[in-house]
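Student: Contents are compact mmCIF, C-alpha atoms and all ligand atoms; file name work26.txt:
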```txt
# COMPACT_ATOMS: atom_id res chain seq x y z
CA MET A 28 0.00 0.00 0.00
CA ARG A 29 1.33 3.46 -0.88
CA GLY A 30 1.80 5.65 2.20
CA LEU A 31 1.61 9.40 2.76
CA ARG A 32 3.47 11.20 5.55
CA ILE A 33 1.49 14.29 6.52
CA ALA A 34 2.68 16.90 9.02
CA THR A 35 -0.10 18.55 11.00
CA ILE A 36 0.25 21.94 12.70
CA GLY A 37 -2.88 22.74 14.69
CA GLY A 38 -1.51 26.09 15.86
CA ASP A 39 -3.77 28.32 17.95
CA GLY A 40 -7.45 28.93 18.75
CA VAL A 41 -9.77 26.88 16.55
CA GLY A 42 -6.80 25.55 14.52
CA PRO A 43 -6.33 22.33 16.54
CA GLU A 44 -10.14 21.83 16.66
CA VAL A 45 -10.61 21.85 12.89
CA ILE A 46 -7.49 19.71 12.32
CA GLU A 47 -8.74 17.09 14.78
CA ALA A 48 -12.12 17.04 13.02
CA THR A 49 -10.46 16.67 9.62
CA LEU A 50 -7.91 13.90 10.16
CA PRO A 51 -10.33 10.92 10.27
CA VAL A 52 -11.93 12.17 7.04
CA LEU A 53 -8.58 12.68 5.31
CA ARG A 54 -7.45 9.21 6.38
CA ALA A 55 -10.68 7.52 5.25
CA ALA A 56 -10.62 9.29 1.88
CA ALA A 57 -7.00 8.27 1.23
CA GLU A 58 -7.53 4.68 2.40
CA ALA A 59 -10.50 4.31 0.04
CA SER A 60 -7.95 5.00 -2.73
CA GLY A 61 -5.55 2.41 -1.30
CA VAL A 62 -3.21 4.94 0.35
CA SER A 63 -2.34 4.87 4.06
CA VAL A 64 -1.70 8.09 6.00
CA GLU A 65 0.89 8.57 8.71
CA THR A 66 0.59 11.88 10.58
CA VAL A 67 3.33 13.80 12.35
CA ALA A 68 1.77 16.23 14.84
CA LEU A 69 3.84 19.40 15.42
CA ASP A 70 3.05 21.63 18.40
CA TRP A 71 4.13 24.88 16.71
CA GLY A 72 2.35 28.19 17.23
CA GLY A 73 1.65 30.57 20.12
CA GLU A 74 2.16 28.05 22.91
CA HIS A 75 5.52 27.04 21.39
CA MET A 76 6.51 30.72 21.20
CA LEU A 77 5.68 31.36 24.86
CA ARG A 78 7.68 28.26 25.84
CA THR A 79 10.74 28.65 23.60
CA GLY A 80 10.69 32.20 22.22
CA ARG A 81 10.01 30.90 18.68
CA ALA A 82 6.77 29.87 16.96
CA MET A 83 8.61 26.91 15.41
CA PRO A 84 12.09 25.42 15.68
CA ALA A 85 14.87 26.99 13.59
CA ASP A 86 14.93 23.90 11.34
CA GLY A 87 11.12 23.93 10.92
CA ALA A 88 11.17 24.18 7.13
CA ASP A 89 13.61 21.22 6.92
CA VAL A 90 11.32 19.10 9.11
CA LEU A 91 8.40 19.80 6.78
CA SER A 92 10.47 19.10 3.67
CA GLU A 93 10.65 15.46 4.79
CA CYS A 94 6.85 15.13 4.52
CA ASP A 95 4.50 14.69 1.55
CA GLY A 96 2.27 17.54 2.66
CA VAL A 97 1.39 19.81 5.58
CA LEU A 98 -2.07 20.41 7.01
CA PHE A 99 -2.10 23.69 8.93
CA GLY A 100 -4.84 24.97 11.28
CA ALA A 101 -4.39 28.64 12.20
CA VAL A 102 -2.10 30.91 14.12
CA GLY A 103 -2.79 33.95 16.31
CA ARG A 104 -3.26 34.59 20.02
CA PRO A 105 -4.49 37.74 21.70
CA ASP A 106 -1.52 37.69 24.14
CA ILE A 107 1.21 37.68 21.44
CA PRO A 108 1.72 40.50 18.92
CA ASP A 109 0.09 39.31 15.69
CA ASP A 110 2.98 40.15 13.39
CA GLU A 111 5.46 38.12 15.50
CA LEU A 112 3.38 34.95 15.31
CA ILE A 113 2.25 35.35 11.71
CA TRP A 114 5.80 36.06 10.49
CA GLY A 115 7.26 33.47 12.87
CA LEU A 116 5.11 30.72 11.44
CA ILE A 117 2.84 30.96 8.43
CA ILE A 118 4.45 33.76 6.40
CA GLY A 119 7.87 32.46 7.48
CA LEU A 120 7.01 28.98 6.18
CA ARG A 121 5.59 30.27 2.90
CA GLN A 122 8.87 32.06 2.29
CA ALA A 123 11.24 29.38 3.65
CA LEU A 124 9.57 26.62 1.61
CA ASP A 125 9.20 29.01 -1.34
CA LEU A 126 5.49 28.23 -1.56
CA ALA A 127 5.08 30.44 -4.58
CA VAL A 128 1.36 30.20 -5.18
CA ASN A 129 -1.64 30.37 -2.88
CA VAL A 130 -4.75 28.78 -4.38
CA ARG A 131 -8.14 29.64 -2.90
CA PRO A 132 -11.18 27.96 -4.48
CA VAL A 133 -14.53 29.62 -3.80
CA ARG A 134 -17.90 28.04 -4.57
CA SER A 135 -21.50 28.12 -3.49
CA TRP A 136 -23.01 25.00 -1.93
CA ASP A 137 -26.54 23.63 -2.01
CA GLY A 138 -28.07 24.30 1.39
CA VAL A 139 -25.78 27.23 2.28
CA THR A 140 -27.17 30.71 1.69
CA THR A 141 -24.99 33.02 -0.39
CA ALA A 142 -24.61 36.64 0.70
CA VAL A 143 -25.65 37.90 -2.72
CA ARG A 144 -28.38 36.84 -5.11
CA THR A 145 -26.98 35.30 -8.28
CA GLU A 146 -28.50 33.31 -11.14
CA GLU A 147 -25.36 31.26 -11.79
CA PRO A 148 -23.55 29.28 -9.08
CA ILE A 149 -20.49 30.97 -7.61
CA ASP A 150 -17.44 28.96 -8.65
CA PHE A 151 -14.07 30.65 -9.04
CA VAL A 152 -10.50 30.35 -7.79
CA VAL A 153 -8.27 33.08 -6.44
CA VAL A 154 -4.64 32.40 -7.42
CA ARG A 155 -2.45 34.60 -5.27
CA GLU A 156 1.28 35.30 -5.46
CA ASN A 157 2.51 34.11 -2.09
CA THR A 158 6.05 35.22 -1.34
CA GLU A 159 6.48 38.91 -2.07
CA GLY A 160 4.36 41.91 -3.13
CA GLU A 161 3.21 44.00 -0.21
CA TYR A 162 4.15 41.19 2.23
CA ALA A 163 7.83 41.08 1.26
CA GLY A 164 8.78 42.52 4.64
CA VAL A 165 10.82 45.32 3.11
CA GLY A 166 10.62 48.68 4.81
CA GLY A 167 11.29 50.33 8.08
CA ARG A 168 10.08 52.58 10.81
CA VAL A 169 11.56 55.92 11.78
CA GLY A 170 9.54 57.49 14.56
CA GLN A 171 6.13 58.36 13.15
CA LEU A 172 7.13 57.37 9.62
CA GLY A 173 6.35 53.83 8.45
CA ILE A 174 7.58 52.65 5.08
CA GLU A 175 6.34 49.38 3.54
CA VAL A 176 7.83 48.59 0.16
CA ALA A 177 6.00 46.28 -2.25
CA VAL A 178 8.33 44.02 -4.21
CA HIS A 179 7.19 42.47 -7.50
CA SER A 180 9.62 40.32 -9.49
CA ARG A 181 9.22 38.86 -12.97
CA THR A 182 10.07 35.40 -11.60
CA ALA A 183 7.34 35.42 -8.96
CA ILE A 184 4.72 36.94 -11.27
CA GLU A 185 5.52 34.49 -14.04
CA ARG A 186 5.25 31.33 -11.96
CA THR A 187 1.97 32.51 -10.44
CA ALA A 188 0.58 33.46 -13.85
CA ARG A 189 1.55 30.07 -15.34
CA TYR A 190 -0.27 28.34 -12.52
CA ALA A 191 -3.38 30.46 -13.12
CA PHE A 192 -3.39 29.73 -16.87
CA ASP A 193 -2.85 25.99 -16.27
CA LEU A 194 -5.75 26.00 -13.83
CA ALA A 195 -8.00 27.97 -16.19
CA ARG A 196 -7.34 25.35 -18.88
CA GLN A 197 -8.80 22.70 -16.56
CA ARG A 198 -11.79 24.92 -15.84
CA ARG A 199 -13.73 27.40 -17.99
CA GLY A 200 -10.71 28.95 -19.69
CA ARG A 201 -10.83 32.50 -18.31
CA VAL A 202 -8.21 34.41 -16.31
CA SER A 203 -8.91 37.82 -14.76
CA LEU A 204 -5.69 39.63 -13.87
CA VAL A 205 -6.37 41.88 -10.87
CA THR A 206 -4.08 44.91 -10.44
CA LYS A 207 -4.06 48.60 -9.65
CA SER A 208 -1.87 49.65 -12.52
CA ASN A 209 -3.75 52.88 -13.10
CA ALA A 210 -2.52 54.35 -9.81
CA MET A 211 0.59 52.32 -8.97
CA ARG A 212 3.12 52.92 -11.69
CA TYR A 213 5.86 50.34 -11.27
CA GLY A 214 4.89 46.97 -9.80
CA TYR A 215 1.46 46.48 -11.36
CA PRO A 216 2.44 47.52 -14.89
CA LEU A 217 5.06 44.75 -14.55
CA TRP A 218 2.22 42.35 -13.68
CA ASP A 219 0.37 43.44 -16.86
CA GLU A 220 3.50 43.00 -18.97
CA VAL A 221 4.60 39.61 -17.60
CA THR A 222 1.09 38.16 -17.65
CA ALA A 223 0.61 39.25 -21.27
CA SER A 224 3.85 37.48 -22.21
CA VAL A 225 2.82 34.26 -20.39
CA HIS A 226 -0.57 34.48 -22.10
CA LEU A 227 1.17 33.95 -25.45
CA ASP A 228 1.71 30.30 -24.40
CA TYR A 229 -2.00 29.91 -23.63
CA PRO A 230 -3.87 31.24 -26.68
CA ASP A 231 -6.87 29.03 -25.78
CA VAL A 232 -7.34 30.89 -22.46
CA GLU A 233 -9.13 34.25 -22.33
CA LEU A 234 -7.34 37.03 -20.39
CA GLU A 235 -8.91 40.22 -19.05
CA HIS A 236 -7.33 43.01 -16.96
CA VAL A 237 -9.47 44.27 -14.06
CA LEU A 238 -8.60 46.90 -11.46
CA VAL A 239 -8.90 45.62 -7.91
CA ASP A 240 -11.57 48.13 -6.86
CA ALA A 241 -13.73 47.22 -9.86
CA MET A 242 -13.20 43.52 -9.10
CA ALA A 243 -14.42 44.00 -5.51
CA ALA A 244 -17.68 45.47 -6.83
CA ARG A 245 -18.04 42.79 -9.51
CA MET A 246 -17.55 39.98 -7.00
CA VAL A 247 -20.60 41.27 -5.15
CA GLN A 248 -22.73 42.19 -8.17
CA ARG A 249 -21.88 39.47 -10.73
CA PRO A 250 -19.76 36.73 -9.13
CA GLY A 251 -21.25 34.00 -11.34
CA GLY A 252 -19.12 34.80 -14.40
CA LEU A 253 -15.72 34.66 -12.69
CA ASP A 254 -13.34 31.74 -13.29
CA VAL A 255 -9.68 32.25 -12.25
CA LEU A 256 -8.52 35.48 -10.56
CA LEU A 257 -4.77 36.13 -10.79
CA CYS A 258 -3.73 38.40 -7.91
CA SER A 259 -0.79 39.86 -6.04
CA ASN A 260 -0.24 38.83 -2.43
CA LEU A 261 -2.23 41.67 -0.83
CA PHE A 262 -5.09 41.81 -3.33
CA GLY A 263 -5.50 38.02 -3.27
CA ASP A 264 -5.58 38.04 0.52
CA ILE A 265 -8.30 40.66 0.72
CA LEU A 266 -10.44 39.47 -2.21
CA SER A 267 -10.43 35.87 -1.01
CA ASP A 268 -11.88 36.89 2.36
CA LEU A 269 -14.57 38.86 0.51
CA ALA A 270 -15.15 35.75 -1.59
CA ALA A 271 -15.46 33.59 1.53
CA GLY A 272 -18.07 36.03 2.82
CA LEU A 273 -20.09 35.50 -0.36
CA VAL A 274 -20.40 31.74 0.07
CA GLY A 275 -21.07 31.29 3.77
CA GLY A 276 -18.16 32.85 5.64
CA MET A 277 -14.62 32.15 6.75
CA GLY A 278 -15.46 28.61 7.81
CA MET A 279 -16.07 27.66 4.16
CA ALA A 280 -12.83 28.80 2.50
CA PRO A 281 -9.95 26.34 1.89
CA SER A 282 -6.50 27.09 0.51
CA ALA A 283 -3.35 25.50 -0.81
CA ASN A 284 0.18 26.94 -0.68
CA VAL A 285 2.25 25.20 -3.34
CA LEU A 286 5.43 25.41 -5.33
CA PRO A 287 4.31 23.85 -8.60
CA GLY A 288 6.49 20.90 -9.45
CA ARG A 289 8.44 20.73 -6.20
CA GLY A 290 8.34 20.04 -2.46
CA PRO A 291 5.46 19.48 -0.06
CA GLY A 292 2.53 21.89 -0.19
CA LEU A 293 0.97 23.50 2.87
CA PHE A 294 -2.83 23.34 3.04
CA GLU A 295 -4.86 25.49 5.41
CA PRO A 296 -8.25 27.06 5.95
CA VAL A 297 -8.22 30.73 4.94
CA HIS A 298 -9.57 31.69 8.35
CA GLY A 299 -7.52 32.63 11.40
CA SER A 300 -7.57 31.30 14.95
CA ALA A 301 -11.05 32.78 15.65
CA PRO A 302 -10.38 33.53 19.33
CA ASP A 303 -14.02 34.60 19.77
CA ILE A 304 -15.25 30.99 19.36
CA ALA A 305 -12.12 28.99 20.27
CA GLY A 306 -12.79 26.20 22.77
CA ALA A 307 -16.56 26.26 22.23
CA GLY A 308 -16.53 23.28 19.85
CA ILE A 309 -18.54 25.15 17.21
CA ALA A 310 -15.91 26.07 14.60
CA ASN A 311 -16.96 25.13 11.10
CA PRO A 312 -14.48 22.47 9.90
CA VAL A 313 -15.48 22.68 6.20
CA ALA A 314 -12.59 24.98 5.22
CA CYS A 315 -10.12 22.55 6.77
CA LEU A 316 -11.84 19.49 5.25
CA LEU A 317 -11.69 21.08 1.81
CA SER A 318 -8.03 22.00 2.39
CA ALA A 319 -7.36 18.32 3.11
CA ALA A 320 -9.09 17.51 -0.19
CA LEU A 321 -6.68 19.90 -1.98
CA LEU A 322 -3.76 18.18 -0.22
CA LEU A 323 -4.92 14.81 -1.54
CA ASP A 324 -5.32 16.28 -5.06
CA HIS A 325 -1.81 17.69 -4.88
CA THR A 326 -0.22 14.47 -3.66
CA GLY A 327 -1.88 12.60 -6.51
CA VAL A 328 -4.17 10.31 -4.51
CA GLU A 329 -6.62 9.50 -7.28
CA GLY A 330 -10.25 10.27 -6.42
CA ALA A 331 -9.66 11.05 -2.73
CA GLY A 332 -10.14 14.83 -2.91
CA ASP A 333 -13.40 14.44 -4.85
CA ARG A 334 -14.52 11.87 -2.30
CA ILE A 335 -14.22 14.50 0.47
CA ARG A 336 -15.91 17.23 -1.63
CA SER A 337 -18.79 14.90 -2.48
CA ALA A 338 -19.29 13.97 1.17
CA VAL A 339 -19.18 17.67 2.16
CA THR A 340 -21.77 18.41 -0.54
CA THR A 341 -24.15 15.76 0.81
CA THR A 342 -23.61 16.91 4.39
CA LEU A 343 -24.25 20.59 3.71
CA ARG A 344 -27.59 19.83 2.05
CA ASP A 345 -28.85 18.87 5.51
CA PRO A 346 -29.31 22.00 7.69
CA ALA A 347 -29.13 19.80 10.82
CA THR A 348 -25.37 19.53 10.21
CA HIS A 349 -24.79 23.29 10.00
CA THR A 350 -22.60 24.98 12.60
CA PRO A 351 -23.71 28.37 14.05
CA ASP A 352 -21.80 30.42 11.44
CA LEU A 353 -24.10 28.81 8.84
CA GLY A 354 -27.18 29.49 10.97
CA GLY A 355 -27.39 26.04 12.58
CA THR A 356 -26.77 24.54 15.99
CA ALA A 357 -24.44 21.65 15.13
CA THR A 358 -20.98 21.28 16.64
CA THR A 359 -17.67 20.87 14.84
CA THR A 360 -17.83 17.14 15.57
CA ASP A 361 -21.45 16.80 14.35
CA LEU A 362 -20.50 18.26 10.98
CA SER A 363 -17.27 16.30 10.50
CA THR A 364 -18.87 13.05 11.67
CA SER A 365 -21.60 13.54 9.08
CA VAL A 366 -18.95 14.07 6.38
CA LEU A 367 -17.15 10.90 7.50
CA THR A 368 -20.41 8.93 7.45
CA ASN A 369 -21.34 10.19 3.98
CA LEU A 370 -17.86 9.40 2.72
CA GLN A 371 -18.13 5.85 4.00
CA GLN A 372 -21.57 5.21 2.44
CA PRO A 373 -21.51 2.62 -0.37
CA ALA A 374 -21.97 5.47 -2.87
CA GLY A 375 -19.52 7.70 -0.99
CA GLY A 376 -17.01 7.58 -3.83
CA ALA A 377 -19.45 8.79 -6.46
CA PRO A 378 -19.69 12.54 -7.04
CA SER A 379 -22.95 13.78 -5.56
CA ALA A 380 -22.59 17.27 -7.01
CA PRO A 381 -22.06 18.41 -10.58
CA THR A 382 -18.38 17.66 -11.06
CA GLU A 383 -17.81 20.83 -13.05
CA HIS A 384 -18.24 22.71 -9.80
CA LEU A 385 -15.59 20.68 -7.98
CA VAL A 386 -12.18 22.28 -8.01
CA SER A 387 -8.96 20.30 -8.22
CA LEU A 388 -5.40 21.54 -8.33
CA PRO A 389 -3.67 21.27 -11.66
CA THR A 390 -1.60 18.13 -11.84
CA SER A 391 0.39 18.78 -15.00
CA ARG A 392 3.34 20.50 -13.32
CA ARG A 393 3.59 18.36 -10.19
N1 LIG A 401 -3.32 31.83 8.30
C1 LIG A 401 -3.58 32.15 9.56
O1 LIG A 401 -3.23 31.40 10.46
C2 LIG A 401 -4.34 33.41 9.90
C3 LIG A 401 -5.19 34.00 8.95
C4 LIG A 401 -5.95 35.11 9.34
C5 LIG A 401 -5.85 35.60 10.63
N2 LIG A 401 -4.99 34.99 11.51
C6 LIG A 401 -4.93 35.42 12.93
O2 LIG A 401 -6.09 34.91 13.60
C7 LIG A 401 -6.44 35.78 14.67
C8 LIG A 401 -7.91 36.20 14.55
O3 LIG A 401 -8.05 36.98 13.34
P1 LIG A 401 -9.42 37.50 12.77
O4 LIG A 401 -10.43 37.54 13.87
O5 LIG A 401 -9.14 38.69 11.99
O6 LIG A 401 -9.86 36.39 11.69
P2 LIG A 401 -10.55 34.98 11.90
O7 LIG A 401 -10.61 34.35 10.56
O8 LIG A 401 -9.87 34.20 12.95
O9 LIG A 401 -12.04 35.31 12.40
C9 LIG A 401 -12.90 36.20 11.70
C10 LIG A 401 -14.37 35.84 12.00
O10 LIG A 401 -14.66 34.61 11.35
C11 LIG A 401 -15.11 33.64 12.28
N3 LIG A 401 -14.53 32.34 11.93
C12 LIG A 401 -13.25 32.11 11.53
N4 LIG A 401 -13.08 30.81 11.33
C13 LIG A 401 -14.26 30.20 11.57
C14 LIG A 401 -14.70 28.86 11.52
N5 LIG A 401 -13.89 27.84 11.17
N6 LIG A 401 -15.98 28.59 11.86
C15 LIG A 401 -16.81 29.58 12.20
N7 LIG A 401 -16.46 30.87 12.27
C16 LIG A 401 -15.19 31.18 11.95
C17 LIG A 401 -14.58 34.11 13.64
O11 LIG A 401 -15.38 33.60 14.69
C18 LIG A 401 -14.62 35.61 13.48
O12 LIG A 401 -15.90 36.08 13.80
C19 LIG A 401 -5.47 36.96 14.58
O13 LIG A 401 -4.44 36.73 15.50
C20 LIG A 401 -4.97 36.92 13.14
O14 LIG A 401 -3.70 37.49 12.97
C21 LIG A 401 -4.26 33.90 11.18
```
Write the structure described by the file as structure tokens, please.

Tutor:
Amino acid sequence: MRGLRIATIGGDGVGPEVIEATLPVLRAAAEASGVSVETVALDWGGEHMLRTGRAMPADGADVLSECDGVLFGAVGRPDIPDDELIWGLIIGLRQALDLAVNVRPVRSWDGVTTAVRTEEPIDFVVVRENTEGEYAGVGGRVGQLGIEVAVHSRTAIERTARYAFDLARQRRGRVSLVTKSNAMRYGYPLWDEVTASVHLDYPDVELEHVLVDAMAARMVQRPGGLDVLLCSNLFGDILSDLAAGLVGGMGMAPSANVLPGRGPGLFEPVHGSAPDIAGAGIANPVACLLSAALLLDHTGVEGAGDRIRSAVTTTLRDPATHTPDLGGTATTTDLSTSVLTNLQQPAGGAPSAPTEHLVSLPTSRR
């Protein structure tokens, strides 16, 4: 039997809760494809920082490099400055492992109310540059002057753009490049230029240029027509939270951090540690479950990711399984147990939703 070695980092707040709810589902989905899963639990995060002065050990990235994939919960504690923990763990890992691309699928689900009325289902993917842009960490502080320098390189733009075009080819063949090149005169014009040159290799994919402010309005007014959004680090971060809000909230938004073609990916819900509900047992585990599905896609476990998405689809159709963020009264465990049960049904392997609405990671460059 093929085996996968998965590192898990619960982190802080609801992070460990959603990871615990997800692991039995991940394991069952992989085993149904004939793949066993060994997990390596890592106690990194706020607690680790209070104990050792660091959110993770100095060789953290090397430890993860030995694994096939990483499932990450969330980081952030009210008693530790946010930037120290975020940089000490999640942004630090994205940079140390050179996880070039952040992929954030967004879709509406039967049974879950969308925040806006739309004729077509919502089904798009935010592809976000993940290592530089406004989060490059370049700048400084002199008294009351704060300088934050955005860094945009051809290399980083190009690899993100290629990923977006590859993904669009598997989907409906449309890429929307999101910039602010009317007001920012250096970095975003480079995005326009590099993306146009990558587009030459993908003549079958449609490319449009949209300013980020116009895209924010369009996501609310006409989200149905969107397919793949190609974004810088900051714009992708903000727009994907807006997107999560459209389809049920932060508990519904999964993500993948990957370096196409190399190394283990890191898969995590888009949400943070949600200190306001941590410990109450009511965090919605769907974002983490769907992140596990992306991990299984990325590691090439045939059918396993779709198995999880199908089971989530069936579960969400029943309002009795909804956690409070979706308007229900179910607990984290109620929801994940229902997903596990649906996955293990005799028909659990068969897609129970239109497959064109299920999002997989591109496999061509693995
Ligand atoms: N990648 C990460 O680990 C990450 C991402 C974002 C924020 N953070 C950190 O998390 C902490 C809290 O940040 P925040 O409040 O801005 O964002 P958040 O995502 O933690 O919470 C925002 C809102 O969404 C709700 N929510 C989030 N996840 C949910 C879930 N699974 N089920 C139901 N409701 C959920 C919360 O209850 C809260 O009302 C901060 O320390 C922040 O820096 C970490």

Student: List the residues sitting within 8 Å of (-1.3, 28.8, 10.2) in the file's frame, using only C-alpha atoms, as a PyMOL selection string.

Tutor: chain A and resi 36-38+42+72+99-102+113+116-117+295+299

Student: Using all atoms listed in the file, find all polymer residues with an atom at most 8 Å away from the point (0.7, 46.5, -9.7); report them as an MDAnalysis selection string.

Tutor: chainID A and resid 179 206:208 211:219 259

Student: Please indicate the distance in Å from CA of Asp333 (chain A) to CA of Ser63 (chain A), rounded to one decimal place.

Tutor: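 Atom-to-atom, CA of Asp333 (chain A) to CA of Ser63 (chain A), that is 17.1 Å.
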
Student: Can you pull out every residue with an atom within 9 Å of ligand LIG 401 (chain A)? Use all atoms listed in the file and format it as a PyMOL selection string.

Tutor: chain A and resi 38-42+44-45+99-105+107-110+112-113+116-118+268+276-280+295-305+309-315+350-353+359

Student: Using all atoms listed in the file, which residues sit within 12 Å of Met242 (chain A) once same-chain residues fewer than 2 positions away are excluded, as number ranges by chain?

Tutor: A: 153, 203-207, 235-240, 244-250, 252-253, 256-258, 262-263, 265-267, 269-270

Student: Just to be explicit: take each residue in the selection above, keep C-alpha atoms, and write the result as a PDB file, in the coordinates of the input.

Tutor:
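Generated output (result-v3.pdb):
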```
ATOM      1  CA  VAL A 153      -8.270  33.080  -6.440  1.00  0.00           C
ATOM      2  CA  SER A 203      -8.910  37.820 -14.760  1.00  0.00           C
ATOM      3  CA  LEU A 204      -5.690  39.630 -13.870  1.00  0.00           C
ATOM      4  CA  VAL A 205      -6.370  41.880 -10.870  1.00  0.00           C
ATOM      5  CA  THR A 206      -4.080  44.910 -10.440  1.00  0.00           C
ATOM      6  CA  LYS A 207      -4.060  48.600  -9.650  1.00  0.00           C
ATOM      7  CA  GLU A 235      -8.910  40.220 -19.050  1.00  0.00           C
ATOM      8  CA  HIS A 236      -7.330  43.010 -16.960  1.00  0.00           C
ATOM      9  CA  VAL A 237      -9.470  44.270 -14.060  1.00  0.00           C
ATOM     10  CA  LEU A 238      -8.600  46.900 -11.460  1.00  0.00           C
ATOM     11  CA  VAL A 239      -8.900  45.620  -7.910  1.00  0.00           C
ATOM     12  CA  ASP A 240     -11.570  48.130  -6.860  1.00  0.00           C
ATOM     13  CA  ALA A 244     -17.680  45.470  -6.830  1.00  0.00           C
ATOM     14  CA  ARG A 245     -18.040  42.790  -9.510  1.00  0.00           C
ATOM     15  CA  MET A 246     -17.550  39.980  -7.000  1.00  0.00           C
ATOM     16  CA  VAL A 247     -20.600  41.270  -5.150  1.00  0.00           C
ATOM     17  CA  GLN A 248     -22.730  42.190  -8.170  1.00  0.00           C
ATOM     18  CA  ARG A 249     -21.880  39.470 -10.730  1.00  0.00           C
ATOM     19  CA  PRO A 250     -19.760  36.730  -9.130  1.00  0.00           C
ATOM     20  CA  GLY A 252     -19.120  34.800 -14.400  1.00  0.00           C
ATOM     21  CA  LEU A 253     -15.720  34.660 -12.690  1.00  0.00           C
ATOM     22  CA  LEU A 256      -8.520  35.480 -10.560  1.00  0.00           C
ATOM     23  CA  LEU A 257      -4.770  36.130 -10.790  1.00  0.00           C
ATOM     24  CA  CYS A 258      -3.730  38.400  -7.910  1.00  0.00           C
ATOM     25  CA  PHE A 262      -5.090  41.810  -3.330  1.00  0.00           C
ATOM     26  CA  GLY A 263      -5.500  38.020  -3.270  1.00  0.00           C
ATOM     27  CA  ILE A 265      -8.300  40.660   0.720  1.00  0.00           C
ATOM     28  CA  LEU A 266     -10.440  39.470  -2.210  1.00  0.00           C
ATOM     29  CA  SER A 267     -10.430  35.870  -1.010  1.00  0.00           C
ATOM     30  CA  LEU A 269     -14.570  38.860   0.510  1.00  0.00           C
ATOM     31  CA  ALA A 270     -15.150  35.750  -1.590  1.00  0.00           C
TER      32      ALA A 270
END
```

Student: Need the axis-aligned box for region 58-74 of chain A with 8 Å each side, so what are the centre and edges in Å to one decimal, as lines of an AutoDock Vina configuration file?

Tutor:
```
center_x = -3.2
center_y = 16.5
center_z = 10.1
size_x = 30.6
size_y = 44.2
size_z = 41.6
```

Student: Using all atoms listed in the file, which of the listed residues (A:Ala127, A:Asp106, A:Thr342, A:Ala243) sits closest to Leu77 (chain A)?

Tutor: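 Among A:Ala127, A:Asp106, A:Thr342, A:Ala243, it is A:Asp106 that comes nearest to Leu77 (chain A).
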
Student: Would you work out the distance separating CA of Ile46 (chain A) from CA of Leu98 (chain A), expressed in Å to one decimal?

Tutor: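 The value is 7.6 Å.
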
Student: CA of Arg121 (chain A) to CA of His226 (chain A): how many Å, to one decimal?

Tutor: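 These two atoms are separated by 26.1 Å.
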
Student: For region 366-373 of chain A, work out the shell of residues within 8 Å, counting all atoms listed in the file and skipping chain neighbours fewer than 6 positions away, then give it as a ChimeraX atom specification.

Tutor: /A:51-52,55-56,334-335,337-339,341-342

Student: I'd like to know which of A:Gly166, A:Pro84, A:Gly30, A:Gly272 is closest to Ser60 (chain A), using only C-alpha atoms.

Tutor: A:Gly30
